Structure formats: C-alpha cells, structure tokens
$ cat my_file-v1.txt   # compact mmCIF, C-alpha atoms
# COMPACT_ATOMS: atom_id res chain seq x y z
CA MET A 1 0.05 -60.81 43.81
CA TYR A 2 0.49 -57.05 43.35
CA ARG A 3 1.61 -55.56 46.62
CA LYS A 4 -0.66 -52.83 47.92
CA LYS A 5 0.01 -50.30 50.65
CA HIS A 6 -1.85 -51.94 53.54
CA ARG A 7 -0.92 -55.54 54.15
CA GLY A 8 -0.75 -58.13 56.87
CA ARG A 9 -1.76 -61.51 58.16
CA ILE A 10 -3.69 -63.14 60.99
CA GLN A 11 -2.55 -66.67 61.81
CA ALA A 12 -3.57 -69.53 64.04
CA GLN A 13 -0.38 -71.32 65.01
CA GLY A 14 1.19 -73.90 67.30
CA GLY A 15 0.65 -77.61 67.80
CA GLY A 16 1.37 -78.28 64.10
CA LEU A 17 -1.31 -75.84 62.93
CA GLU A 18 -0.51 -72.96 60.57
CA THR A 19 -3.61 -71.41 59.05
CA SER A 20 -3.93 -67.79 58.08
CA GLU A 21 -5.97 -64.99 56.57
CA THR A 22 -4.19 -62.11 54.83
CA TRP A 23 -5.12 -58.62 53.66
CA ASN A 24 -3.59 -56.62 50.81
CA GLN A 25 -5.49 -53.47 49.93
CA ASP A 26 -5.24 -49.78 49.05
CA GLU A 27 -7.11 -48.53 52.11
CA PRO A 28 -6.21 -49.16 55.76
CA LEU A 29 -7.85 -52.26 57.22
CA THR A 30 -10.79 -51.30 59.39
CA LYS A 31 -11.58 -52.87 62.75
CA GLN A 32 -14.68 -54.39 61.18
CA GLU A 33 -12.61 -56.00 58.43
CA GLY A 34 -10.10 -57.19 61.01
CA ARG A 35 -12.84 -58.86 63.03
CA GLY A 36 -14.13 -60.42 59.80
CA LEU A 37 -10.72 -61.93 59.03
CA LEU A 38 -10.52 -63.24 62.57
CA ALA A 39 -13.95 -64.86 62.24
CA ARG A 40 -12.97 -66.40 58.89
CA LEU A 41 -9.79 -67.78 60.39
CA LYS A 42 -11.75 -69.23 63.29
CA SER A 43 -14.17 -70.91 60.89
CA LYS A 44 -11.27 -72.76 59.22
CA LEU A 45 -10.32 -74.52 62.47
CA THR A 46 -11.70 -77.73 63.91
CA PRO A 47 -13.81 -77.40 67.07
CA GLU A 48 -10.85 -78.69 69.10
CA GLU A 49 -8.40 -76.21 67.55
CA ARG A 50 -10.89 -73.40 68.19
CA GLU A 51 -11.44 -74.44 71.78
CA GLN A 52 -7.68 -74.63 72.40
CA ARG A 53 -7.39 -71.02 71.19
CA ARG A 54 -10.60 -69.65 72.71
CA LYS A 55 -8.78 -67.09 74.85
CA SER A 56 -6.39 -66.28 71.96
CA PHE A 57 -9.31 -65.30 69.72
CA GLU A 58 -10.97 -63.31 72.52
CA ASP A 59 -7.74 -61.44 73.25
CA ALA A 60 -7.07 -60.80 69.55
CA GLU A 61 -10.57 -59.39 69.11
CA ARG A 62 -10.16 -57.20 72.20
CA PHE A 63 -6.85 -55.99 70.79
CA ILE A 64 -8.44 -55.05 67.44
CA ASP A 65 -11.32 -53.27 69.19
CA GLY A 66 -8.94 -51.40 71.48
CA ALA A 67 -6.61 -50.10 68.75
CA ARG A 68 -7.08 -46.32 68.94
CA GLY A 69 -6.39 -44.51 65.69
CA GLY A 70 -5.13 -47.71 64.07
CA LEU A 71 -1.73 -49.38 64.20
CA ASP A 72 1.20 -48.83 61.86
CA ALA A 73 3.59 -51.48 60.54
CA PRO A 74 5.81 -53.20 61.46
CA GLN A 75 3.91 -54.92 64.24
CA ARG A 76 3.50 -58.45 65.46
CA ARG A 77 1.33 -59.55 68.37
CA SER A 78 0.84 -63.05 69.70
CA PHE A 79 -2.19 -64.08 71.72
CA LEU A 80 -1.31 -67.22 73.56
CA SER A 81 -3.65 -69.97 74.69
CA THR A 82 -3.89 -70.48 78.43
CA GLN A 83 -2.67 -74.03 77.69
CA GLY A 84 0.70 -72.61 76.55
CA LYS A 85 2.64 -74.97 74.24
CA GLY A 86 2.89 -72.18 71.66
CA LEU A 87 -0.81 -72.49 70.77
CA ARG A 88 -1.73 -69.00 69.66
CA VAL A 89 -3.19 -66.47 67.27
CA ASP A 90 -0.72 -64.01 65.70
CA ILE A 91 -1.49 -60.66 64.13
CA GLU A 92 1.18 -59.27 61.78
CA ILE A 93 1.04 -55.84 60.16
CA TRP A 94 3.46 -55.85 57.24
CA GLY A 95 2.67 -52.53 55.63
CA GLY A 96 0.55 -49.43 56.15
CA THR A 97 -2.11 -49.18 58.85
CA ALA A 98 -4.61 -51.61 60.30
CA PHE A 99 -7.59 -51.59 62.63
CA ILE A 100 -8.79 -48.05 62.16
CA ALA A 101 -12.39 -47.21 62.97
CA LEU A 102 -14.63 -47.09 59.89
CA ILE A 103 -15.70 -43.54 60.72
CA ILE A 104 -12.08 -42.35 60.52
CA LEU A 105 -11.70 -43.95 57.10
CA ILE A 106 -14.87 -42.20 55.90
CA LEU A 107 -13.72 -38.84 57.27
CA VAL A 108 -10.32 -39.20 55.58
CA ALA A 109 -12.01 -40.12 52.28
CA ILE A 110 -14.29 -37.05 52.52
CA TRP A 111 -11.31 -34.86 53.32
CA LEU A 112 -9.39 -36.21 50.30
CA ILE A 113 -12.38 -35.65 47.98
CA ASP A 114 -12.87 -32.02 49.14
CA MET B 1 -10.51 -56.67 82.97
CA ALA B 2 -10.00 -60.41 83.30
CA ASN B 3 -9.80 -61.90 86.77
CA ARG B 4 -6.23 -62.02 87.93
CA LEU B 5 -4.68 -64.30 90.45
CA THR B 6 -2.95 -62.61 93.33
CA PRO B 7 0.63 -62.49 92.07
CA SER B 8 3.03 -64.50 94.20
CA HIS B 9 5.78 -62.66 96.05
CA ARG B 10 8.23 -63.89 93.46
CA VAL B 11 6.51 -62.09 90.58
CA LEU B 12 8.45 -59.03 89.48
CA PHE B 13 6.66 -55.77 88.65
CA PRO B 14 3.24 -57.28 89.52
CA ALA B 15 1.40 -54.00 88.85
CA PHE B 16 2.96 -53.39 85.44
CA LEU B 17 -0.36 -53.61 83.60
CA GLU B 18 -2.09 -51.13 85.89
CA ASP B 19 0.61 -48.54 86.52
CA HIS B 20 2.50 -46.96 83.60
CA GLU B 21 5.42 -46.07 85.85
CA VAL B 22 5.80 -49.71 86.87
CA TYR B 23 5.45 -50.70 83.21
CA GLN B 24 8.38 -48.47 82.32
CA GLN B 25 10.41 -50.03 85.13
CA ALA B 26 9.66 -53.49 83.72
CA GLU B 27 10.65 -52.32 80.24
CA ALA B 28 13.88 -50.89 81.65
CA TYR B 29 14.53 -54.24 83.35
CA TRP B 30 14.48 -55.96 79.93
CA GLN B 31 16.63 -53.28 78.37
CA MET B 32 19.22 -53.73 81.12
CA LEU B 33 19.08 -57.52 80.87
CA PHE B 34 19.68 -57.40 77.12
CA GLU B 35 22.52 -54.91 77.57
CA ALA B 36 24.10 -57.11 80.22
CA LEU B 37 23.80 -60.18 78.03
CA PHE B 38 24.73 -58.71 74.67
CA THR B 39 26.13 -55.17 74.69
CA THR B 40 28.86 -56.23 77.09
CA LYS B 41 29.82 -58.94 74.59
CA ASP B 42 29.85 -56.48 71.70
CA ILE B 43 26.69 -57.97 70.18
CA PRO B 44 24.68 -55.02 68.85
CA PHE B 45 20.87 -54.97 68.93
CA HIS B 46 18.09 -52.44 68.62
CA ARG B 47 14.31 -52.29 69.00
CA TYR B 48 12.43 -53.16 65.85
CA TYR B 49 8.65 -53.45 66.18
CA ASN B 50 6.45 -50.40 66.29
CA THR B 51 4.63 -50.13 69.63
CA ILE B 52 3.46 -46.52 69.27
CA SER B 53 0.05 -45.75 67.75
CA PRO B 54 -0.28 -43.20 64.91
CA ALA B 55 -1.76 -40.89 67.56
CA GLY B 56 1.53 -41.14 69.48
CA GLU B 57 0.17 -43.36 72.26
CA LYS B 58 2.51 -45.93 73.73
CA ASP B 59 1.35 -49.52 74.08
CA TYR B 60 1.14 -50.71 77.68
CA THR B 61 -0.13 -54.26 77.10
CA GLY B 62 3.18 -56.08 77.53
CA ASN B 63 2.62 -57.73 74.13
CA PRO B 64 5.48 -57.29 73.47
CA ILE B 65 7.13 -55.56 76.41
CA PHE B 66 10.50 -55.76 74.66
CA ASP B 67 11.94 -56.79 71.36
CA ALA B 68 15.35 -56.70 69.77
CA TYR B 69 16.83 -57.14 66.32
CA PHE B 70 20.39 -58.44 66.13
CA PRO B 71 21.82 -57.26 62.77
CA ARG B 72 24.94 -59.39 62.96
CA GLN B 73 22.98 -62.59 63.58
CA HIS B 74 19.92 -61.45 61.56
CA LYS B 75 17.68 -62.61 64.40
CA LEU B 76 14.76 -61.17 66.31
CA VAL B 77 13.68 -61.68 69.89
CA ARG B 78 10.26 -60.73 71.19
CA VAL B 79 9.31 -60.84 74.88
CA ILE B 80 5.65 -60.98 75.94
CA GLN B 81 5.01 -60.36 79.63
CA PHE B 82 1.70 -61.15 81.32
CA ILE B 83 0.09 -61.71 84.70
CA ALA B 84 -1.48 -65.17 84.91
CA THR B 85 -5.27 -65.29 85.10
CA GLU B 86 -5.69 -69.04 85.61
CA ALA B 87 -4.15 -71.27 88.25
CA ASP B 88 -2.89 -73.92 85.82
CA GLN B 89 -1.68 -71.45 83.20
CA PRO B 90 1.95 -72.05 82.21
CA ARG B 91 4.12 -69.18 83.47
CA PHE B 92 6.78 -69.64 80.82
CA ASP B 93 6.54 -70.57 77.17
CA PHE B 94 8.65 -69.98 74.10
CA TRP B 95 8.67 -70.81 70.42
CA GLU B 96 10.60 -70.06 67.27
CA ASP B 97 9.06 -68.37 64.28
CA ALA B 98 10.18 -66.23 61.34
CA TRP B 99 9.40 -62.65 60.35
CA PRO B 100 8.70 -62.47 56.57
CA THR B 101 11.09 -59.67 55.60
CA ALA B 102 10.38 -59.93 51.86
CA GLU B 103 6.71 -59.04 52.47
CA LEU B 104 7.62 -55.68 53.99
CA ASP B 105 8.18 -52.31 52.38
CA PRO B 106 11.94 -51.81 51.94
CA SER B 107 11.95 -48.97 54.48
CA LEU B 108 10.48 -51.29 57.15
CA ARG B 109 12.86 -54.20 56.67
CA PRO B 110 15.44 -54.90 59.34
CA ILE B 111 18.94 -54.23 57.99
CA PRO B 112 21.38 -57.11 58.58
CA HIS B 113 25.14 -56.65 58.61
CA ASP B 114 25.31 -59.15 55.79
CA PRO B 115 23.43 -57.58 52.83
CA ALA B 116 22.94 -61.03 51.29
CA LYS B 117 20.44 -61.76 54.09
CA SER B 118 18.36 -58.64 53.63
CA LEU B 119 15.40 -60.47 52.06
CA GLU B 120 15.69 -63.63 54.12
CA PRO B 121 12.99 -64.28 56.74
CA VAL B 122 14.31 -63.30 60.16
CA PRO B 123 14.36 -66.19 62.66
CA GLU B 124 12.51 -65.04 65.75
CA LEU B 125 12.54 -66.34 69.31
CA VAL B 126 9.39 -65.45 71.22
CA ILE B 127 9.33 -65.74 74.99
CA SER B 128 6.01 -65.42 76.78
CA LEU B 129 6.23 -65.26 80.55
CA GLU B 130 4.92 -64.09 83.87
CA LEU B 131 8.10 -62.42 85.03
CA SER B 132 9.43 -63.83 88.29
CA THR B 133 12.86 -64.61 89.65
CA ASP B 134 12.50 -68.13 88.22
CA THR B 135 11.21 -67.25 84.74
CA ALA B 136 13.71 -64.40 84.42
CA GLU B 137 16.51 -66.91 84.86
CA GLN B 138 14.91 -69.25 82.28
CA ALA B 139 14.65 -66.35 79.82
CA ARG B 140 18.24 -65.30 80.44
CA GLN B 141 19.57 -68.78 79.68
CA LEU B 142 17.39 -69.16 76.62
CA LEU B 143 18.44 -65.78 75.21
CA GLN B 144 22.10 -66.57 75.70
CA GLN B 145 21.80 -69.95 74.03
CA TRP B 146 19.73 -68.75 71.11
CA VAL B 147 21.43 -65.47 70.26
CA THR B 148 25.00 -65.98 71.39
CA MET B 149 25.51 -69.68 70.81
CA GLY B 150 23.14 -69.94 67.84
CA ARG B 151 21.36 -72.90 69.38
CA GLU B 152 18.03 -73.98 67.90
CA PHE B 153 15.24 -75.51 69.95
$ encode --input "my_file-v1.txt" --output "structure tokens"
Amino acid sequence: MYRKKHRGRIQAQGGGLETSETWNQDEPLTKQEGRGLLARLKSKLTPEEREQRRKSFEDAERFIDGARGGLDAPQRRSFLSTQGKGLRVDIEIWGGTAFIALIILILVAIWLID
Amino acid sequence: MANRLTPSHRVLFPAFLEDHEVYQQAEAYWQMLFEALFTTKDIPFHRYYNTISPAGEKDYTGNPIFDAYFPRQHKLVRVIQFIATEADQPRFDFWEDAWPTAELDPSLRPIPHDPAKSLEPVPELVISLELSTDTAEQARQLLQQWVTMGREF
C-alpha cells in the first residue's frame, strides 16, 4: 500500500491475541477517527477478550481524548489490563500526527486555502 | 481520576502522577539505573520515543516513564510506571514485542550500529510496574538479562 504521511496502528494484544486497526492517510488522524478505530478494534474481539481488556480500552480512549494538539511520531503506548499477563491495547504512531481535534484540522485547512 | 489504593511504604515516588517535580525525580531514577547498568559497561543507549506534544508539553502519564534504544544490540526497552488502582492488580508485568522499523519514515528510524539491521523490526522489552523496592530489583535483573546477556523470555 502507498505510504502516506500520517500512519499508525491500534492493536489488541496478549494472551495469543493480535488484532489491529491501522490508518494511512494524507491528513492527521483526528480524535474522532481514533475513537472510531478503537471501537472497530473492540468489535472484532470476543466478549471475553473485550472484558479482559475493558480497562485497556477505557484508558486508550481517555488517552486519545486527552491528547492536546495531537501527538507526533514515533510514539508507542500500552494500556494494560488490570489482570496483567501482557493483556493490553497498544497505540503506535508510525508517521505524522495523530489525535488532533477536528476543529484544529478545519482551521489548518482554512489557513492553507487562504 | 481513578480510585487509587494508598501506596504501601515500599512504593517509590508514590506521588509521581500528581506532582511534576516528583515525576522528574522518578524519571531521573530510571536514567540513573540505566546508566549504572549499561553506561558503566560501555553499552550505549539513548531515548527514542517522542513524549513531547507538538505544543511542547511534556507527557506526565508514566506511559512510558522511560525508554531506551541500544544501537549496538538493536533493541528497545520501554518502562511503564503506574500506581495500582485495584487490590489484586499485578504490580509487575513484562512482555516482548517488536517495533516495526520498516513502517517508519527514514528520519524516524532508530539507527543501529550494524547498518544491515536498519530495516529489521527492533525487539522491544516492555516492563510495566508499580515501582517499589521489590519491583525495581525485578526490573534491574530483567534488564541486565535481556540487554546485556541477550536472554529471551
């Protein structure tokens, strides 16, 4: 796949599980898109896998919401289950910027057009 | 903020998530531990991951509180420090993973001493812990075994 400027991956890992959602796009990933990827990832898991990572998903969502001004690559964050055993959700930013507020993206686009 | 257990007297830097000064002390603790373990043995390392926002704000979440890339070994270590919120929560956990170097822009790739490894995924040891005198010793042993002796778990 052609590599675009803003790229990364959200993964559910540990306990033999390795499921992910990736992004690869020209514009920075917004918080809304990040939450969407997280929800899609969650929907791929079995109820048990989801329950094991309940706190991981909550923490990952809180992290995305709390990112002020976005986050630049290279970054990797792991949100561990309270059960330990490496059960977790990982967020990896491989290129560009992720988790900016939609309003910032709109303002930048307007500024570039002007 | 999530409910926190009262940290036991053995927990080090218990206020690191509330007080930025304490956070910096905890970060300095890890820097000194890594220097004691590796710099003294002529094993170079440097920080790799970006923990500063585009607005210039430093991350104070402890996720990670410290990381290191070892160019000679082409290995990464990431340390996540937390304060337990549940009584039965494990205070120490670790796993091995890999950082997909080839997916990164060339300017963001870690640079190994051996150029032949420059596109190889970087093996990564992740340690997640509530820092105490006990878990610090576990981390120290694990780091030595994994980085210095090349042991896999």
$ interface_residues --input "my_file-v1.txt" --of "chain B" --to "chain A" --cutoff "7 Å" --atoms "all atoms listed in the file" --output "PyMOL selection string"
chain B and resi 49-50+53-55+63-64+89-90+93-95+103-105+108
$ residues_around --input "my_file-v1.txt" --residues "Glu33 of chain A" --least-positions-apart "4" --cutoff "12 Å" --atoms "only C-alpha atoms" --output "mmCIF file with C-alpha atoms, in the frame of the given file"
data_model
loop_
_atom_site.group_PDB
_atom_site.id
_atom_site.type_symbol
_atom_site.label_atom_id
_atom_site.label_comp_id
_atom_site.auth_asym_id
_atom_site.auth_seq_id
_atom_site.Cartn_x
_atom_site.Cartn_y
_atom_site.Cartn_z
ATOM 1 C CA ILE A 10 -3.690 -63.140 60.990
ATOM 2 C CA GLU A 21 -5.970 -64.990 56.570
ATOM 3 C CA THR A 22 -4.190 -62.110 54.830
ATOM 4 C CA TRP A 23 -5.120 -58.620 53.660
ATOM 5 C CA ASN A 24 -3.590 -56.620 50.810
ATOM 6 C CA GLN A 25 -5.490 -53.470 49.930
ATOM 7 C CA GLU A 27 -7.110 -48.530 52.110
ATOM 8 C CA PRO A 28 -6.210 -49.160 55.760
ATOM 9 C CA LEU A 29 -7.850 -52.260 57.220
ATOM 10 C CA LEU A 37 -10.720 -61.930 59.030
ATOM 11 C CA LEU A 38 -10.520 -63.240 62.570
ATOM 12 C CA ALA A 39 -13.950 -64.860 62.240
ATOM 13 C CA ARG A 40 -12.970 -66.400 58.890
ATOM 14 C CA GLU A 61 -10.570 -59.390 69.110
ATOM 15 C CA ILE A 64 -8.440 -55.050 67.440
ATOM 16 C CA ASP A 65 -11.320 -53.270 69.190
ATOM 17 C CA ALA A 98 -4.610 -51.610 60.300
ATOM 18 C CA PHE A 99 -7.590 -51.590 62.630
ATOM 19 C CA ILE A 100 -8.790 -48.050 62.160
ATOM 20 C CA ALA A 101 -12.390 -47.210 62.970
ATOM 21 C CA LEU A 102 -14.630 -47.090 59.890
#
$ closest_residue --input "my_file-v1.txt" --among "B:His46, B:Arg109, B:Arg72, B:Arg91" --to "Asp134 of chain B" --atoms "only C-alpha atoms"
B:Arg91
$ atom_distance --input "my_file-v1.txt" --atom1 "atom CA of Glu120 of chain B" --atom2 "atom CA of Phe38 of chain B"
23.0 Å
$ residues_around --input "my_file-v1.txt" --residues "Glu49 of chain A" --least-positions-apart "4" --cutoff "9 Å" --atoms "all atoms listed in the file" --output "NGL selection string"
:A and (12 or 17 or 42 or 45 or 53-54)
$ residues_around --input "my_file-v1.txt" --residues "segment 137-153 of chain B" --least-positions-apart "6" --cutoff "12 Å" --atoms "all atoms listed in the file" --output "PyMOL selection string"
chain B and resi 30+32-45+67-81+91-97+123-131
$ write_last_selection --input "my_file-v1.txt" --atoms "C-alpha atoms" --output "PDB file, in the coordinates of the input"
ATOM      1  CA  TRP B  30      14.480 -55.960  79.930  1.00  0.00           C
ATOM      2  CA  MET B  32      19.220 -53.730  81.120  1.00  0.00           C
ATOM      3  CA  LEU B  33      19.080 -57.520  80.870  1.00  0.00           C
ATOM      4  CA  PHE B  34      19.680 -57.400  77.120  1.00  0.00           C
ATOM      5  CA  GLU B  35      22.520 -54.910  77.570  1.00  0.00           C
ATOM      6  CA  ALA B  36      24.100 -57.110  80.220  1.00  0.00           C
ATOM      7  CA  LEU B  37      23.800 -60.180  78.030  1.00  0.00           C
ATOM      8  CA  PHE B  38      24.730 -58.710  74.670  1.00  0.00           C
ATOM      9  CA  THR B  39      26.130 -55.170  74.690  1.00  0.00           C
ATOM     10  CA  THR B  40      28.860 -56.230  77.090  1.00  0.00           C
ATOM     11  CA  LYS B  41      29.820 -58.940  74.590  1.00  0.00           C
ATOM     12  CA  ASP B  42      29.850 -56.480  71.700  1.00  0.00           C
ATOM     13  CA  ILE B  43      26.690 -57.970  70.180  1.00  0.00           C
ATOM     14  CA  PRO B  44      24.680 -55.020  68.850  1.00  0.00           C
ATOM     15  CA  PHE B  45      20.870 -54.970  68.930  1.00  0.00           C
ATOM     16  CA  ASP B  67      11.940 -56.790  71.360  1.00  0.00           C
ATOM     17  CA  ALA B  68      15.350 -56.700  69.770  1.00  0.00           C
ATOM     18  CA  TYR B  69      16.830 -57.140  66.320  1.00  0.00           C
ATOM     19  CA  PHE B  70      20.390 -58.440  66.130  1.00  0.00           C
ATOM     20  CA  PRO B  71      21.820 -57.260  62.770  1.00  0.00           C
ATOM     21  CA  ARG B  72      24.940 -59.390  62.960  1.00  0.00           C
ATOM     22  CA  GLN B  73      22.980 -62.590  63.580  1.00  0.00           C
ATOM     23  CA  HIS B  74      19.920 -61.450  61.560  1.00  0.00           C
ATOM     24  CA  LYS B  75      17.680 -62.610  64.400  1.00  0.00           C
ATOM     25  CA  LEU B  76      14.760 -61.170  66.310  1.00  0.00           C
ATOM     26  CA  VAL B  77      13.680 -61.680  69.890  1.00  0.00           C
ATOM     27  CA  ARG B  78      10.260 -60.730  71.190  1.00  0.00           C
ATOM     28  CA  VAL B  79       9.310 -60.840  74.880  1.00  0.00           C
ATOM     29  CA  ILE B  80       5.650 -60.980  75.940  1.00  0.00           C
ATOM     30  CA  GLN B  81       5.010 -60.360  79.630  1.00  0.00           C
ATOM     31  CA  ARG B  91       4.120 -69.180  83.470  1.00  0.00           C
ATOM     32  CA  PHE B  92       6.780 -69.640  80.820  1.00  0.00           C
ATOM     33  CA  ASP B  93       6.540 -70.570  77.170  1.00  0.00           C
ATOM     34  CA  PHE B  94       8.650 -69.980  74.100  1.00  0.00           C
ATOM     35  CA  TRP B  95       8.670 -70.810  70.420  1.00  0.00           C
ATOM     36  CA  GLU B  96      10.600 -70.060  67.270  1.00  0.00           C
ATOM     37  CA  ASP B  97       9.060 -68.370  64.280  1.00  0.00           C
ATOM     38  CA  PRO B 123      14.360 -66.190  62.660  1.00  0.00           C
ATOM     39  CA  GLU B 124      12.510 -65.040  65.750  1.00  0.00           C
ATOM     40  CA  LEU B 125      12.540 -66.340  69.310  1.00  0.00           C
ATOM     41  CA  VAL B 126       9.390 -65.450  71.220  1.00  0.00           C
ATOM     42  CA  ILE B 127       9.330 -65.740  74.990  1.00  0.00           C
ATOM     43  CA  SER B 128       6.010 -65.420  76.780  1.00  0.00           C
ATOM     44  CA  LEU B 129       6.230 -65.260  80.550  1.00  0.00           C
ATOM     45  CA  GLU B 130       4.920 -64.090  83.870  1.00  0.00           C
ATOM     46  CA  LEU B 131       8.100 -62.420  85.030  1.00  0.00           C
TER      47      LEU B 131
END
$ atom_distance --input "my_file-v1.txt" --atom1 "atom CA of Arg9 of chain A" --atom2 "atom CA of Asp26 of chain A"
15.3 Å
$ atom_distance --input "my_file-v1.txt" --atom1 "atom CA of Arg35 of chain A" --atom2 "atom CA of Phe16 of chain B"
28.0 Å
$ axis_aligned_box --input "my_file-v1.txt" --around "segment 71-89 of chain A" --padding-each-side "3 Å" --output "JSON"
{"center_x": 1.0, "center_y": -61.9, "center_z": 69.5, "size_x": 15.7, "size_y": 32.1, "size_z": 23.9}
$ build_atoms --input "my_file-v1.txt" --residues "segment 32-54 of chain A" --atoms "N, CA and C atoms" --output "mmCIF file, keeping the file's coordinate frame"
data_model
loop_
_atom_site.group_PDB
_atom_site.id
_atom_site.type_symbol
_atom_site.label_atom_id
_atom_site.label_comp_id
_atom_site.auth_asym_id
_atom_site.auth_seq_id
_atom_site.Cartn_x
_atom_site.Cartn_y
_atom_site.Cartn_z
ATOM 1 N N GLN A 32 -13.623 -53.468 61.622
ATOM 2 C CA GLN A 32 -14.680 -54.390 61.180
ATOM 3 C C GLN A 32 -14.087 -55.471 60.264
ATOM 4 N N GLU A 33 -13.245 -55.038 59.324
ATOM 5 C CA GLU A 33 -12.610 -56.000 58.430
ATOM 6 C C GLU A 33 -11.682 -56.939 59.204
ATOM 7 N N GLY A 34 -10.991 -56.382 60.181
ATOM 8 C CA GLY A 34 -10.100 -57.190 61.010
ATOM 9 C C GLY A 34 -10.864 -58.271 61.762
ATOM 10 N N ARG A 35 -12.005 -57.875 62.315
ATOM 11 C CA ARG A 35 -12.840 -58.860 63.030
ATOM 12 C C ARG A 35 -13.366 -59.915 62.062
ATOM 13 N N GLY A 36 -13.661 -59.476 60.820
ATOM 14 C CA GLY A 36 -14.130 -60.420 59.800
ATOM 15 C C GLY A 36 -13.065 -61.450 59.459
ATOM 16 N N LEU A 37 -11.821 -60.999 59.323
ATOM 17 C CA LEU A 37 -10.720 -61.930 59.030
ATOM 18 C C LEU A 37 -10.536 -62.919 60.180
ATOM 19 N N LEU A 38 -10.663 -62.389 61.389
ATOM 20 C CA LEU A 38 -10.520 -63.240 62.570
ATOM 21 C C LEU A 38 -11.616 -64.315 62.590
ATOM 22 N N ALA A 39 -12.827 -63.905 62.258
ATOM 23 C CA ALA A 39 -13.950 -64.860 62.240
ATOM 24 C C ALA A 39 -13.741 -65.905 61.148
ATOM 25 N N ARG A 40 -13.211 -65.448 59.984
ATOM 26 C CA ARG A 40 -12.970 -66.400 58.890
ATOM 27 C C ARG A 40 -11.894 -67.402 59.265
ATOM 28 N N LEU A 41 -10.864 -66.888 59.938
ATOM 29 C CA LEU A 41 -9.790 -67.780 60.390
ATOM 30 C C LEU A 41 -10.354 -68.813 61.367
ATOM 31 N N LYS A 42 -11.154 -68.335 62.285
ATOM 32 C CA LYS A 42 -11.750 -69.230 63.290
ATOM 33 C C LYS A 42 -12.574 -70.324 62.621
ATOM 34 N N SER A 43 -13.295 -69.937 61.564
ATOM 35 C CA SER A 43 -14.170 -70.910 60.890
ATOM 36 C C SER A 43 -13.386 -72.000 60.158
ATOM 37 N N LYS A 44 -12.092 -71.762 59.905
ATOM 38 C CA LYS A 44 -11.270 -72.760 59.220
ATOM 39 C C LYS A 44 -10.773 -73.848 60.180
ATOM 40 N N LEU A 45 -10.883 -73.599 61.495
ATOM 41 C CA LEU A 45 -10.320 -74.520 62.470
ATOM 42 C C LEU A 45 -11.338 -75.584 62.873
ATOM 43 N N THR A 46 -10.806 -76.704 63.368
ATOM 44 C CA THR A 46 -11.700 -77.730 63.910
ATOM 45 C C THR A 46 -12.209 -77.242 65.264
ATOM 46 N N PRO A 47 -13.308 -77.813 65.748
ATOM 47 C CA PRO A 47 -13.810 -77.400 67.070
ATOM 48 C C PRO A 47 -12.740 -77.493 68.154
ATOM 49 N N GLU A 48 -11.910 -78.523 68.084
ATOM 50 C CA GLU A 48 -10.850 -78.690 69.100
ATOM 51 C C GLU A 48 -9.810 -77.579 68.992
ATOM 52 N N GLU A 49 -9.395 -77.276 67.762
ATOM 53 C CA GLU A 49 -8.400 -76.210 67.550
ATOM 54 C C GLU A 49 -8.946 -74.861 68.010
ATOM 55 N N ARG A 50 -10.240 -74.657 67.761
ATOM 56 C CA ARG A 50 -10.890 -73.400 68.190
ATOM 57 C C ARG A 50 -10.935 -73.315 69.698
ATOM 58 N N GLU A 51 -11.306 -74.430 70.328
ATOM 59 C CA GLU A 51 -11.440 -74.440 71.780
ATOM 60 C C GLU A 51 -10.076 -74.212 72.433
ATOM 61 N N GLN A 52 -9.026 -74.823 71.858
ATOM 62 C CA GLN A 52 -7.680 -74.630 72.400
ATOM 63 C C GLN A 52 -7.260 -73.152 72.364
ATOM 64 N N ARG A 53 -7.777 -72.424 71.369
ATOM 65 C CA ARG A 53 -7.390 -71.020 71.190
ATOM 66 C C ARG A 53 -8.520 -70.059 71.535
ATOM 67 N N ARG A 54 -9.440 -70.499 72.376
ATOM 68 C CA ARG A 54 -10.600 -69.650 72.710
ATOM 69 C C ARG A 54 -10.159 -68.304 73.254
#
